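**Student:** Below are the structure tokens for one structure; questions will follow.
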Amino acid sequence: MKTFLFIICLIYGLSGLSAQPYISTVNMLENEKWYGGFVAKGSQMPYVQTSGLLDLAKQNFNNQGVPLLLSNKGRYIWSDEAFKFEVKTNNISIESKYETVAVTEAGKTLREAYLEACRKHFPPSGQLPDTMMFSMPQYNTWIELMYNQNQKDILKYADDILSNGFPAGVLMIDDNWQKYYGNFDFKPDRFPEPETMVKRLHDQGFKVMLWVCPFVSADSPEFRELWSKGYLINNRKTGQPAMINWWNGYSACYDLTNPAAFDYFVNLLKDVQRKYGVDGFKFDAGDVLFYDPDYTLGYKSDAASTDHTMAWAKVGLHFPLNEYRACWKMGGEALVQRLGDKDYSWKAVRLLIPDMIAAGLLGYAYTCPDMIGGGQFTSFLGIDPSQFNQELIVRSAQSHTLMPMMQFSVAPWRILDSLHLAICREMANLHVRMGAYITECAKHAAITGEPIVRHMEYVFPNQGFAECKDQFMLGDKFLVAPVIKSGTERKVILPKGKWRDESGKIYKGGQSINIEAKLSRLPYFTMVIQ
């Protein structure tokens with residue numbers, strides 16, 4: 001009997017080991033630098049040291065997460081599931097619930113590491129989002145209207161775009177156009193003729209997107225119907241619909257890991273398109289922190305938080321005109337990503353380049369660098385238009401200009417004088433003139449998976465660019481070096497070869513140069529001789 005009990009205890013003890021996390025350590029090579037994990041940690045890359053474990057299952061820092069770490073020495077770390085990691089001085093500690101996470105030797109450079117990881121784990125689909133997202137500016141109504149989205153002011157915003165000499169592009173109508181969450185009809189008191197509004201915008205040359213989220217207002221007809229169908233995420237303890245705390249309060253949430261609920265939601269959005277004539281959707285929310293499996297119960301009882309985030313991302317594959325701020329994996333897919341809402345500040349301007357570089361290294365080639373001047377609406381509250389830092393707005397616009405996309409929200413014509421407005425207008429038109437090249441870069445990404453915004457180390461390995469965070473390559477052709485702080489001077493590090501700036505001046509590469517960049521100038525360079 002004692003022997004039997006011992007065997008039973010041994011079996012249970014051994015089976016319990018599988019519930020323990022898998023711990024692994026990756027030792028650093030000499031001068032090795034690591035990047036990845038979180039788009040929003042771009043400014044901290046290459047990682048020197050993290051403050052404790054970062055958890056891909058529970059954190060996304062208001063942006064995209066990918067279970068990928070890349071080394072400038074040609075190595076990478078990948079797992080199909082979320083893991084925790086901590087970067088220390090001499091190693092990276094990794095903790096996973098699912099497997100021992102190992103390092104892969106792919107080559108000798110950052111580019112080789114990325115391309116091998118891309119080929120094996122997130123190969124490009126060959127499909128593109130709507131190319132107007134690249135070739136023309138985008139305009140979002142959030143900062144101007146916030147929660148007061150309405151037909152009259154949206155039409156005025158569009159009229160002002162054109163009357164101030166800015167090109168038409170994609171117009172995004174943001175949150176609170178709908179009756180309530182889970183409903184997809186325009187508020188009739190604010191939008192008396194939404195179909196007419198959309199048609200007028202189309203006639204002016206705009207494409208129109210609507211903000212949507214996966215949340216459903218409780219005690220609404222939609223909530224009751226979805227509950228009866230089993231299409232909502234449940235509370236793990238009660239089995240009733242979970243009330244999830246997000247930035248607009250407490251709401252139920254679609255369980256898009258349920259194939260029936262997924263199809264139902266996609267068809268609802270297609271009905272919206274047929275009814276109102278809109279072209280696509282801005283898909284907000286979807287952050288992993290909303291789906292903590294200790295609290296929520298999905299269609300599959302073992303669904304991870306990241307499964308819900310990925311299901312939300314897959315909705316966008318049905319709509320070529322899409323935008324996401326939170327995402328899990330999905331690198332190489334025809335999804336537009338946007339950097340998380342940033343403050344109206346110089347510090348935020350300086351985050352744009354490193355975060356965009358990080359997005360590219362994590363497989364998100366089609367990324368927009370937030371909104372010009374910042375997308376965090378609280379930063380704009382209580383500011384008199386005459387008090388805006390006009391230099392900051394111009395430099396923010398320039399930082400966007402030669403990235404895959406540029407998006408206005410705060411109206412430049414409302415806050416800028418004629419001189420600064422003219423510079424922003426020229427930047428919008430420069431983006432249009434460069435649109436064909438940017439689109440070609442996007443097409444290349446759809447085939448190869450390569451980033452559009454590229455780290456200098458990615459294109460020019462072993463030339464001292466591993467820690468460069470204030471300049472980038474647009475494809476392999478243009479070296480872009482915006483001014484990202486107050487003033488008219490900056491240092492540019494040129495790779496080996498000969499380089500020509502946008503005015504035609506030739507520079508010898510392999511050195512740092514100090515340049516004068518008056519407010520109207522966006523410095524960029526092309527290689528003449530390698």
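In the structure tokens, chains take letters A, B, ... by order of appearance, with residues numbered from 1 within each chain and ligands from 1 in the order shown.
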Extract, using only C-alpha atoms, all DNA, RNA and protein residues at most 9 Å from A:Arg395, discarding same-chain residues fewer than 4 positions from it, and format them as JSON, numbers by chain.
**Tutor:** {"A": [349, 373, 390, 391, 399, 400, 424, 482, 483, 484, 485, 486, 519, 520, 522]}
**Student:** Using only C-alpha atoms, find each residue of stretch 65-134 of chain A with at least one atom at most 10 Å away from an atom of stretch 169-187 of chain A; report its shortest atom-to-atom pair and that distance in Å (one decimal), sort the rows by chain and rising residue number, and return the result as a tab-separated table.
**Tutor:**
residue	atom	partner	partner_atom	distance
A:Met132	CA	A:Gly169	CA	7.0
A:Met133	CA	A:Val170	CA	6.8
A:Phe134	CA	A:Gly169	CA	9.7
**Student:** A:Met45: which residues within 7 Å, counting only C-alpha atoms, same-chain residues fewer than 3 positions away excluded, as a list of chain:residue names?
**Tutor:** A:Tyr35, A:Lys41, A:Gly42
**Student:** Name the closest residue to A:Gly277 among the candidates A:Pro214, A:Pro194, A:Gly475, A:Gly37; distances are taken between atoms, counting only C-alpha atoms.
**Tutor:** A:Pro194
**Student:** Using only C-alpha atoms, which protein or nucleic acid residues come within 10 Å of A:Gly74? Drop anything in the same chain fewer than 3 positions from it, and give the result as a PyMOL selection string.
**Tutor:** chain A and resi 32+70-71+104-116
**Student:** Measuring atom to atom with only C-alpha atoms, identify which of A:Asn63, A:Thr50, A:Asn267, A:Gln463 is nearest to A:Phe38.
**Tutor:** A:Asn63
**Student:** I need the strand (DSSP E) residues of stretch 265-434 of chain A per DSSP on the backbone, written as a short mmCIF file (atom, residue, chain, number, x, y, z; two decimals) with C-alpha atoms, in the first residue's frame.
**Tutor:**
data_model
loop_
_atom_site.label_atom_id
_atom_site.label_comp_id
_atom_site.auth_asym_id
_atom_site.auth_seq_id
_atom_site.Cartn_x
_atom_site.Cartn_y
_atom_site.Cartn_z
CA GLY A 280 -12.76 50.80 -44.02
CA PHE A 281 -12.25 50.83 -40.28
CA LYS A 282 -9.88 51.97 -37.57
CA PHE A 283 -9.75 48.98 -35.20
CA THR A 296 -11.86 35.92 -18.72
CA LEU A 297 -13.15 32.71 -20.26
CA ASN A 322 -7.63 49.21 -41.82
CA GLU A 323 -5.60 50.49 -38.90
CA TYR A 324 -4.50 48.90 -35.60
CA GLN A 337 -0.31 49.54 -37.61
CA ARG A 338 -0.06 52.87 -35.80
CA THR A 367 3.13 51.43 -39.79
CA CYS A 368 2.00 55.01 -39.20
CA GLN A 407 -1.41 61.40 -40.28
CA PHE A 408 -2.77 64.79 -39.29
#
**Student:** Which one of A:Pro404, A:Gly298, A:Gly165, A:Gly510 sits closest to A:Val336 if you count only C-alpha atoms?
**Tutor:** A:Pro404
**Student:** In terms of the shortest atom-to-atom distance over only C-alpha atoms, which of A:Thr378, A:Ser96, A:Thr131, A:Asn31 is closest to A:Glu467?
**Tutor:** A:Asn31
**Student:** From the list A:Gly52, A:Gly449, A:Pro259, A:Gly497, which residue is nearest A:Lys314 when using only C-alpha atoms?
**Tutor:**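 Going through A:Gly52, A:Gly449, A:Pro259, A:Gly497 one by one, the smallest distance to A:Lys314 is for A:Pro259.
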**Student:** Write out as a list in words each polymer residue whose atoms come within 8 Å of A:Gln471, counting only C-alpha atoms; drop sequence neighbours fewer than 4 positions from it.
**Tutor:**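 The filter keeps Ile353, Met456, Leu479, Val480, Ala481, Pro482 and Val492 of chain A.
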**Student:** Restricting the calculation to only C-alpha atoms, which member of A:Leu392, A:Ala19, A:Leu68, A:Val459 is positioned closest to A:His420?
**Tutor:** A:Leu392
**Student:** So how far away is atom CA of A:Thr141 from atom CA of A:Asn60, in Å?
**Tutor:**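 Spanning atom CA of A:Asn60 to atom CA of A:Thr141 is a straight-line distance of 25.1 Å.
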**Student:** Check stretch 156-259 of chain A with DSSP on the backbone and list each residue it calls alpha helix (DSSP H), as number ranges by chain.
**Tutor:** A: 156-163, 194-203, 221-229, 259
**Student:** Take the residues that were just selected and, keeping N, CA and C atoms, output them as an mmCIF file, in the first residue's frame.
**Tutor:**
data_model
loop_
_atom_site.group_PDB
_atom_site.id
_atom_site.type_symbol
_atom_site.label_atom_id
_atom_site.label_comp_id
_atom_site.auth_asym_id
_atom_site.auth_seq_id
_atom_site.Cartn_x
_atom_site.Cartn_y
_atom_site.Cartn_z
ATOM 1 N N LYS A 156 -16.703 70.237 -42.290
ATOM 2 C CA LYS A 156 -15.897 71.455 -42.242
ATOM 3 C C LYS A 156 -14.417 71.112 -42.191
ATOM 4 N N TYR A 157 -14.053 70.088 -41.424
ATOM 5 C CA TYR A 157 -12.660 69.647 -41.343
ATOM 6 C C TYR A 157 -12.154 69.265 -42.733
ATOM 7 N N ALA A 158 -12.959 68.511 -43.479
ATOM 8 C CA ALA A 158 -12.570 68.122 -44.835
ATOM 9 C C ALA A 158 -12.456 69.339 -45.748
ATOM 10 N N ASP A 159 -13.420 70.263 -45.643
ATOM 11 C CA ASP A 159 -13.361 71.485 -46.460
ATOM 12 C C ASP A 159 -12.103 72.283 -46.148
ATOM 13 N N ASP A 160 -11.748 72.349 -44.867
ATOM 14 C CA ASP A 160 -10.570 73.113 -44.459
ATOM 15 C C ASP A 160 -9.282 72.468 -44.962
ATOM 16 N N ILE A 161 -9.246 71.149 -45.007
ATOM 17 C CA ILE A 161 -8.083 70.456 -45.570
ATOM 18 C C ILE A 161 -7.816 70.963 -46.979
ATOM 19 N N LEU A 162 -8.853 70.969 -47.785
ATOM 20 C CA LEU A 162 -8.706 71.342 -49.193
ATOM 21 C C LEU A 162 -8.500 72.841 -49.375
ATOM 22 N N SER A 163 -9.244 73.654 -48.627
ATOM 23 C CA SER A 163 -9.130 75.100 -48.806
ATOM 24 C C SER A 163 -7.777 75.637 -48.352
ATOM 25 N N PRO A 194 -25.855 60.604 -42.848
ATOM 26 C CA PRO A 194 -24.502 60.040 -42.950
ATOM 27 C C PRO A 194 -24.140 59.560 -44.351
ATOM 28 N N GLU A 195 -25.109 58.984 -45.069
ATOM 29 C CA GLU A 195 -24.806 58.532 -46.432
ATOM 30 C C GLU A 195 -24.427 59.701 -47.315
ATOM 31 N N THR A 196 -25.146 60.819 -47.171
ATOM 32 C CA THR A 196 -24.834 62.020 -47.946
ATOM 33 C C THR A 196 -23.465 62.564 -47.566
ATOM 34 N N MET A 197 -23.151 62.528 -46.276
ATOM 35 C CA MET A 197 -21.837 62.984 -45.805
ATOM 36 C C MET A 197 -20.719 62.173 -46.451
ATOM 37 N N VAL A 198 -20.856 60.854 -46.432
ATOM 38 C CA VAL A 198 -19.815 59.995 -46.997
ATOM 39 C C VAL A 198 -19.671 60.235 -48.491
ATOM 40 N N LYS A 199 -20.797 60.388 -49.193
ATOM 41 C CA LYS A 199 -20.741 60.643 -50.637
ATOM 42 C C LYS A 199 -20.016 61.949 -50.933
ATOM 43 N N ARG A 200 -20.305 62.989 -50.148
ATOM 44 C CA ARG A 200 -19.632 64.270 -50.360
ATOM 45 C C ARG A 200 -18.132 64.133 -50.138
ATOM 46 N N LEU A 201 -17.737 63.408 -49.108
ATOM 47 C CA LEU A 201 -16.318 63.204 -48.852
ATOM 48 C C LEU A 201 -15.662 62.447 -50.002
ATOM 49 N N HIS A 202 -16.357 61.450 -50.522
ATOM 50 C CA HIS A 202 -15.841 60.725 -51.682
ATOM 51 C C HIS A 202 -15.680 61.656 -52.878
ATOM 52 N N ASP A 203 -16.659 62.491 -53.104
ATOM 53 C CA ASP A 203 -16.601 63.426 -54.238
ATOM 54 C C ASP A 203 -15.435 64.398 -54.107
ATOM 55 N N PRO A 221 -29.731 46.177 -26.625
ATOM 56 C CA PRO A 221 -30.278 45.069 -27.422
ATOM 57 C C PRO A 221 -29.171 44.189 -27.992
ATOM 58 N N GLU A 222 -28.073 44.826 -28.432
ATOM 59 C CA GLU A 222 -26.966 44.055 -28.997
ATOM 60 C C GLU A 222 -26.342 43.147 -27.945
ATOM 61 N N PHE A 223 -26.184 43.664 -26.727
ATOM 62 C CA PHE A 223 -25.629 42.857 -25.645
ATOM 63 C C PHE A 223 -26.484 41.621 -25.399
ATOM 64 N N ARG A 224 -27.793 41.817 -25.319
ATOM 65 C CA ARG A 224 -28.672 40.687 -25.019
ATOM 66 C C ARG A 224 -28.650 39.650 -26.136
ATOM 67 N N GLU A 225 -28.599 40.124 -27.388
ATOM 68 C CA GLU A 225 -28.553 39.175 -28.506
ATOM 69 C C GLU A 225 -27.242 38.398 -28.512
ATOM 70 N N LEU A 226 -26.140 39.102 -28.325
ATOM 71 C CA LEU A 226 -24.840 38.443 -28.343
ATOM 72 C C LEU A 226 -24.688 37.478 -27.168
ATOM 73 N N TRP A 227 -25.242 37.836 -26.028
ATOM 74 C CA TRP A 227 -25.221 36.947 -24.870
ATOM 75 C C TRP A 227 -25.974 35.663 -25.167
ATOM 76 N N SER A 228 -27.132 35.816 -25.776
ATOM 77 C CA SER A 228 -27.943 34.633 -26.084
ATOM 78 C C SER A 228 -27.260 33.713 -27.087
ATOM 79 N N LYS A 229 -26.441 34.292 -27.972
ATOM 80 C CA LYS A 229 -25.737 33.498 -28.992
ATOM 81 C C LYS A 229 -24.425 32.909 -28.468
ATOM 82 N N PRO A 259 -15.396 31.184 -33.819
ATOM 83 C CA PRO A 259 -15.538 31.412 -35.256
ATOM 84 C C PRO A 259 -16.893 32.003 -35.648
#
**Student:** Within 6 Å of stretch 119-124 of chain A, counting only C-alpha atoms, which residues show up once you throw out same-chain ones fewer than 5 positions away? Write them as JSON, numbers by chain, please.
**Tutor:** {"A": [331, 332, 446, 447, 449]}
**Student:** Using N, CA and C atoms, can you write the selected residues to a file as a PDB file, in the first residue's frame?
**Tutor:**
ATOM      1  N   GLY A 331       2.869  39.691 -38.176  1.00  0.00           N
ATOM      2  CA  GLY A 331       3.841  40.302 -39.065  1.00  0.00           C
ATOM      3  C   GLY A 331       3.689  39.757 -40.473  1.00  0.00           C
ATOM      4  N   GLY A 332       3.914  40.592 -41.469  1.00  0.00           N
ATOM      5  CA  GLY A 332       3.816  40.180 -42.864  1.00  0.00           C
ATOM      6  C   GLY A 332       2.421  40.206 -43.434  1.00  0.00           C
ATOM      7  N   ALA A 446       5.720  43.399 -49.099  1.00  0.00           N
ATOM      8  CA  ALA A 446       4.696  42.360 -49.251  1.00  0.00           C
ATOM      9  C   ALA A 446       5.273  41.079 -49.846  1.00  0.00           C
ATOM     10  N   ILE A 447       6.389  41.199 -50.543  1.00  0.00           N
ATOM     11  CA  ILE A 447       7.030  40.030 -51.167  1.00  0.00           C
ATOM     12  C   ILE A 447       8.151  39.477 -50.292  1.00  0.00           C
ATOM     13  N   GLY A 449       9.052  40.775 -46.988  1.00  0.00           N
ATOM     14  CA  GLY A 449       8.906  40.970 -45.553  1.00  0.00           C
ATOM     15  C   GLY A 449       9.799  42.053 -44.985  1.00  0.00           C
TER      16      GLY A 449
END
**Student:** Could you tell me how far atom CA of A:Val48 sits from atom CA of A:Lys33, in Å to one decimal place?
**Tutor:**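 Result for atom CA of A:Lys33 versus atom CA of A:Val48: 7.9 Å, one decimal.
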**Student:** Counting only C-alpha atoms, what is within 8 Å of A:Lys329, bar same-chain residues fewer than 6 positions away, as a list of chain:residue names?
**Tutor:**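 Within the cut-off, the hits are A:Gln64, A:Gly65, A:Val66, A:Pro67, A:Phe122, A:Met310.
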**Student:** Emit the selected residues as a compact mmCIF listing (two decimals), in the first residue's frame, including N, CA and C atoms.
**Tutor:**
# COMPACT_ATOMS: atom_id res chain seq x y z
N GLN A 64 2.02 47.29 -30.21
CA GLN A 64 2.10 45.91 -30.68
C GLN A 64 3.16 45.11 -29.92
N GLY A 65 2.91 43.81 -29.81
CA GLY A 65 3.87 42.90 -29.21
C GLY A 65 4.13 41.72 -30.13
N VAL A 66 5.36 41.23 -30.12
CA VAL A 66 5.75 40.08 -30.96
C VAL A 66 6.74 39.24 -30.15
N PRO A 67 6.60 37.92 -30.13
CA PRO A 67 7.52 37.07 -29.37
C PRO A 67 8.84 36.86 -30.11
N PHE A 122 6.94 34.47 -39.77
CA PHE A 122 5.89 35.40 -40.21
C PHE A 122 6.13 35.81 -41.67
N MET A 310 -4.96 38.55 -31.25
CA MET A 310 -4.74 38.11 -32.62
C MET A 310 -6.05 37.96 -33.39
**Student:** Which distance in Å separates atom CA of A:Gly205 and atom CA of A:Met356, to one decimal?
**Tutor:**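 Atom CA of A:Gly205 sits 28.3 Å away from atom CA of A:Met356.
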